[in-house]
Amino acid sequence: SLSELMNESERALSAYDSALRHNPYSQAALTQIANIYRAREEFEKAVEFFQRIVNIDPTNGEIWGAIGNCYLMLDELPKAYQAYQQAIFHLPNPREPKLWYGIGILYDRYGSYDHAEEAFNAVMNMDPGFDKATEIYFRLGIIHKCQGKFAQSLDCFNRILSDPPKPLTETDIWFQIGNVHELNSEYGLARDAYERVLRENPQHGKVLQQLGALYFRPNTSLSNVDAAVQLLMRAIEVDKDKAEAHTWYLLGRCYMVQRQYNKAYEAYQQAVYRDGNNANYWCSIGVLYYQINQFRDALDAYSRAIRINPYLSEVWFDLGALYEACNNQVSDAIDAYTRAADLDRSNTVVEQRLELLQRIQSSGQPNLSQANSPPPPPVDPPIGPTSTGQPNAPGGPAGESAVTGGAPGSLGAPPMAGAVGNASAPPPPPPEHGQHPGDQPHMQPSQQQQQQHQQQRGSVGSAPMGMHHPGHGGPMPLQQQQPPQQYAQQPKVAQHHHQQGP
């Protein structure tokens with residue numbers, strides 16, 4: 001103990017080790033050794049000694065809680081969950097703020113926000129002066145933002161604005177405030193908060209990206225594509241090779257509005273080089289190729305998007321327009337529009353187009369041109385506000401983020417004031433990693449649903465007559481056909497083979 005007080009942990013470990021040689025079952029020595037390793041962030045060794053204690057006394061709830069905290073720091077979430085279960089069952093008084101703080105982080109990490117919110121609120125009710133109160137308010141701010149409780153999120157962030165948890169700064173909190181306003185469609189307030197961050201740090205790449213997205217957003221008082229391009233270029237210049245794929249994608253979308261197709265091509269190429277499995281990116285690449293009449297490459301891009309995500313309504317709509325534009329493939333166009341309508345019942349344009357094509361098909365008209373109704377222009381996927389800053393407050397493991405697909409069941413409600421004593425039965429067994437006992441399942445398509453969707457695609461999945469069937473490499477270059485008059489002066493997109501880019 002004297003060596004510990006003098007910060008001589010090695011001498012202390014040696015002394016406690018000597019004590020264990022005389023008495024291998026000394027819980028006091030085992031506890032002190034485990035705490036030294038935990039303080040040194042050697043969590044695996046700490047768990048080893050804590051485990052020896054519960055092997056001697058399985059009812060030691062305090063040690064089970066410490067084991068849970070160590071597993072949490074080691075990112076072994078199912079083991080942390082199991083240890084916290086044992087702690088709750090064996091503690092004579094489960095009103096322990098540090099225990100529920102750890103449980104709150106566990107749920108936070110799993111993305112089980114309702115349970116995390118309950119645990120963190122319980123900590124603040126048990127101990128309003130809790131030493132990590134500012135961190136809890138930051139986590140609650142992020143959680144409320146993810147839940148769409150924007151007023152509560154702002155209240156949490158404003159509480160810690162003048163005293164943010166380390167290593168965060170005031171500008172980090174302003175960034176979160178701006179993001180909440182953006183998600184709540186308060187674009188002017190979002191801009192003001194982001195610009196406040198930029199005054200403190202003009203080289204903040206993420207803020208430059210967010211501001212660029214704000215100015216790109218159509219039909220708002222802030223819409224200004226030229227300003228968006230400048231901000232996104234600054235973000236790319238700041239981050240250089242580390243620039244995010246989404247920044248390049250936004251820049252490509254801006255260039256498409258300006259009809260600068262070569263620049264849009266280069267920006268999209270950079271986006272898919274960084275993230276080649278984003279269906280939205282490939283859908284927009286298909287729109288680019290369609291606009292300059294490179295229909296075979298458009299088919300390639302749309303097919304890639306569908307392979308990545310067959311539940312994107314815009315790509316099916318665009319595929320229908322492509323089938324209409326090429327060889328009058330009415331049946332294939334109807335199949336594609338039907339899929340688009342199934343995925344987005346609010347799209348009246350596709351419903352109207354379906355009615356027209358079905359009428360043409362039933363009338364036996366040999367050519368769509370006789371209907372005097374050209375194919376609709378393709379559409380890009382919408383760009384909505386982006387929620388930034390997943391629950392990742394200081395104090396957790398490096399790279400901490402919400403774990404997808406693994407929300408556990410409830411460990412039980414935190415104890416109310418005056419609740420003492422353990423439960424009459426142990427908590428339920430821990431979930432397998434990736435299961436959701438007690439929670440509603442995520443609305444993800446099952447394998448059977450995906451097979452059904454593939455069957456429903458029918459002839460849409462096959463290449464139209466005269467078209468190149470897409471392979472697994474980059475889009476095949478195509479000699480550009482005579483463009484419509486409005487594109488006659490536009491340069492042809494560069495023809496190159498790329499494994500990852502358009």
# chains A, B, ... in the order shown; residues from 1 in each chain; ligands from 1
$ residues_around --residues "segment 41-45 of chain A" --least-positions-apart "4" --cutoff "10 Å" --atoms "only C-alpha atoms" --output "JSON, numbers by chain"
{"A": [33, 34, 35, 36, 37, 49, 50, 51, 67, 69, 70, 71, 72, 73, 74]}
$ residues_around --residues "segment 180-197 of chain A" --least-positions-apart "6" --cutoff "6 Å" --atoms "only C-alpha atoms" --output "VMD selection string"
chain A and resid 171 174 385
$ residues_around --residues "Ala119 of chain A" --least-positions-apart "2" --cutoff "8 Å" --atoms "only C-alpha atoms" --output "list in words"
Trp100, Tyr101, Ile103, Gly104, His115, Ala116, Glu117, Asn121, Ala122, Val123, Ala413 and Pro414 of chain A
$ write_last_selection --atoms "all heavy atoms" --output "tab-separated table (two decimals), in the first residue's frame"
chain	number	residue	atom	x	y	z
A	100	TRP	N	-24.12	1.66	-13.12
A	100	TRP	CA	-25.10	2.01	-14.15
A	100	TRP	C	-24.49	2.92	-15.21
A	100	TRP	O	-24.97	2.94	-16.36
A	100	TRP	CB	-26.33	2.65	-13.50
A	100	TRP	CG	-27.12	1.60	-12.79
A	100	TRP	CD1	-27.11	1.31	-11.45
A	100	TRP	CD2	-27.99	0.65	-13.39
A	100	TRP	NE1	-27.92	0.25	-11.18
A	100	TRP	CE2	-28.49	-0.19	-12.35
A	100	TRP	CE3	-28.41	0.42	-14.69
A	100	TRP	CZ2	-29.37	-1.22	-12.60
A	100	TRP	CZ3	-29.30	-0.62	-14.94
A	100	TRP	CH2	-29.76	-1.43	-13.90
A	101	TYR	N	-23.44	3.63	-14.86
A	101	TYR	CA	-22.69	4.39	-15.87
A	101	TYR	C	-22.08	3.42	-16.89
A	101	TYR	O	-22.19	3.62	-18.10
A	101	TYR	CB	-21.60	5.21	-15.18
A	101	TYR	CG	-20.54	5.77	-16.09
A	101	TYR	CD1	-20.81	6.83	-16.93
A	101	TYR	CD2	-19.25	5.22	-16.09
A	101	TYR	CE1	-19.82	7.34	-17.76
A	101	TYR	CE2	-18.26	5.72	-16.91
A	101	TYR	CZ	-18.55	6.79	-17.75
A	101	TYR	OH	-17.57	7.28	-18.56
A	103	ILE	N	-23.11	0.35	-17.51
A	103	ILE	CA	-24.22	-0.28	-18.24
A	103	ILE	C	-24.75	0.67	-19.31
A	103	ILE	O	-25.07	0.26	-20.43
A	103	ILE	CB	-25.33	-0.69	-17.26
A	103	ILE	CG1	-24.84	-1.84	-16.36
A	103	ILE	CG2	-26.61	-1.09	-18.00
A	103	ILE	CD1	-25.78	-2.19	-15.22
A	104	GLY	N	-24.82	1.96	-18.97
A	104	GLY	CA	-25.27	2.94	-19.96
A	104	GLY	C	-24.34	2.98	-21.18
A	104	GLY	O	-24.79	3.02	-22.33
A	115	HIS	N	-32.50	2.03	-23.63
A	115	HIS	CA	-31.92	1.47	-22.41
A	115	HIS	C	-30.75	2.34	-21.92
A	115	HIS	O	-30.58	2.54	-20.71
A	115	HIS	CB	-31.41	0.05	-22.67
A	115	HIS	CG	-32.50	-0.95	-22.92
A	115	HIS	ND1	-33.72	-0.90	-22.29
A	115	HIS	CD2	-32.54	-2.05	-23.73
A	115	HIS	CE1	-34.47	-1.91	-22.70
A	115	HIS	NE2	-33.78	-2.62	-23.57
A	116	ALA	N	-29.94	2.84	-22.85
A	116	ALA	CA	-28.81	3.70	-22.46
A	116	ALA	C	-29.32	4.97	-21.80
A	116	ALA	O	-28.78	5.41	-20.77
A	116	ALA	CB	-27.96	4.03	-23.68
A	117	GLU	N	-30.34	5.57	-22.38
A	117	GLU	CA	-30.92	6.79	-21.81
A	117	GLU	C	-31.42	6.55	-20.39
A	117	GLU	O	-31.17	7.35	-19.47
A	117	GLU	CB	-32.07	7.26	-22.70
A	117	GLU	CG	-32.78	8.51	-22.18
A	117	GLU	CD	-34.01	8.85	-23.01
A	117	GLU	OE1	-34.37	8.07	-23.91
A	117	GLU	OE2	-34.62	9.90	-22.73
A	121	ASN	N	-29.76	8.43	-17.13
A	121	ASN	CA	-30.64	9.25	-16.29
A	121	ASN	C	-30.64	8.74	-14.85
A	121	ASN	O	-30.69	9.54	-13.89
A	121	ASN	CB	-32.06	9.27	-16.84
A	121	ASN	CG	-32.20	10.17	-18.06
A	121	ASN	OD1	-31.47	11.16	-18.19
A	121	ASN	ND2	-33.12	9.84	-18.94
A	122	ALA	N	-30.57	7.42	-14.69
A	122	ALA	CA	-30.54	6.86	-13.34
A	122	ALA	C	-29.27	7.29	-12.61
A	122	ALA	O	-29.30	7.59	-11.41
A	122	ALA	CB	-30.61	5.33	-13.41
A	123	VAL	N	-28.14	7.32	-13.33
A	123	VAL	CA	-26.88	7.76	-12.70
A	123	VAL	C	-27.02	9.17	-12.16
A	123	VAL	O	-26.64	9.46	-11.01
A	123	VAL	CB	-25.72	7.68	-13.71
A	123	VAL	CG1	-24.45	8.28	-13.11
A	123	VAL	CG2	-25.46	6.24	-14.13
A	413	ALA	N	-34.74	-2.52	-15.11
A	413	ALA	CA	-34.79	-1.09	-14.85
A	413	ALA	C	-33.83	-0.73	-13.73
A	413	ALA	O	-33.66	-1.49	-12.77
A	413	ALA	CB	-36.21	-0.69	-14.48
A	414	PRO	N	-33.19	0.43	-13.82
A	414	PRO	CA	-32.34	0.87	-12.70
A	414	PRO	C	-33.18	0.99	-11.43
A	414	PRO	O	-34.37	1.30	-11.49
A	414	PRO	CB	-31.84	2.25	-13.17
A	414	PRO	CG	-31.98	2.23	-14.65
A	414	PRO	CD	-33.17	1.38	-14.93
$ residues_around --residues "Cys326 of chain A" --least-positions-apart "3" --cutoff "8 Å" --atoms "only C-alpha atoms" --output "ChimeraX atom specification"
/A:295,322-323,329,464
$ select_by_dssp --residues "segment 14-261 of chain A" --states "alpha helix (DSSP H)" --output "PyMOL selection string"
chain A and resi 14-22+27-39+43-56+61-73+77-90+97-110+113-126+133-147+150-159+170-183+187-200+205-216+225-239+245-257+261
$ atom_distance --atom1 "atom CA of Ser373 of chain A" --atom2 "atom CA of Glu355 of chain A"
12.5 Å
$ closest_residue --among "A:Met124, A:Ile142, A:Gln269, A:Arg11" --to "Gly111 of chain A" --atoms "only C-alpha atoms"
A:Ile142
$ residues_around --residues "segment 215-219 of chain A" --least-positions-apart "5" --cutoff "6 Å" --atoms "only C-alpha atoms" --output "VMD selection string"
chain A and resid 224 to 225 228
$ write_last_selection --atoms "N, CA, C and O atoms" --output "PDB file, in the first residue's frame"
ATOM      1  N   ASN A 224     -27.176  27.466 -52.684  1.00  0.00           N
ATOM      2  CA  ASN A 224     -26.162  28.206 -53.442  1.00  0.00           C
ATOM      3  C   ASN A 224     -25.101  27.184 -53.879  1.00  0.00           C
ATOM      4  O   ASN A 224     -24.183  26.873 -53.122  1.00  0.00           O
ATOM      5  N   VAL A 225     -25.245  26.652 -55.082  1.00  0.00           N
ATOM      6  CA  VAL A 225     -24.369  25.583 -55.545  1.00  0.00           C
ATOM      7  C   VAL A 225     -22.932  26.058 -55.665  1.00  0.00           C
ATOM      8  O   VAL A 225     -21.987  25.320 -55.342  1.00  0.00           O
ATOM      9  N   ALA A 228     -21.435  26.003 -52.347  1.00  0.00           N
ATOM     10  CA  ALA A 228     -21.242  24.615 -51.935  1.00  0.00           C
ATOM     11  C   ALA A 228     -19.962  24.042 -52.540  1.00  0.00           C
ATOM     12  O   ALA A 228     -19.187  23.362 -51.859  1.00  0.00           O
TER      13      ALA A 228
END
$ atom_distance --atom1 "atom CA of Ala46 of chain A" --atom2 "atom CA of Gln32 of chain A"
9.7 Å
$ residues_around --residues "Arg353 of chain A" --least-positions-apart "2" --cutoff "12 Å" --atoms "only C-alpha atoms" --output "ChimeraX atom specification"
/A:317,320-321,324,330,333-338,340-341,347-351,355-360,371,373-377
$ atom_distance --atom1 "atom CA of Phe175 of chain A" --atom2 "atom CA of Phe157 of chain A"
10.1 Å
$ residues_around --residues "Gly141 of chain A" --least-positions-apart "5" --cutoff "10 Å" --atoms "only C-alpha atoms" --output "ChimeraX atom specification"
/A:117,135-136,146-147,149-160,173,176-177,180,391
$ closest_atom_pairs --of "segment 208-235 of chain A" --to "segment 249-256 of chain A" --cutoff "9 Å" --atoms "only C-alpha atoms" --output "Markdown table"
| residue | atom | partner | partner_atom | distance |
| --- | --- | --- | --- | --- |
| A:Gln209 | CA | A:Leu250 | CA | 8.5 |
| A:Gly212 | CA | A:Leu250 | CA | 8.0 |
| A:Ala213 | CA | A:Leu250 | CA | 6.9 |
| A:Phe216 | CA | A:Cys254 | CA | 6.9 |
| A:Val225 | CA | A:Cys254 | CA | 6.1 |
| A:Asp226 | CA | A:Cys254 | CA | 8.1 |
| A:Ala228 | CA | A:Cys254 | CA | 7.4 |
| A:Val229 | CA | A:Leu251 | CA | 6.2 |
| A:Leu232 | CA | A:Leu251 | CA | 6.3 |
| A:Met233 | CA | A:Leu251 | CA | 7.7 |
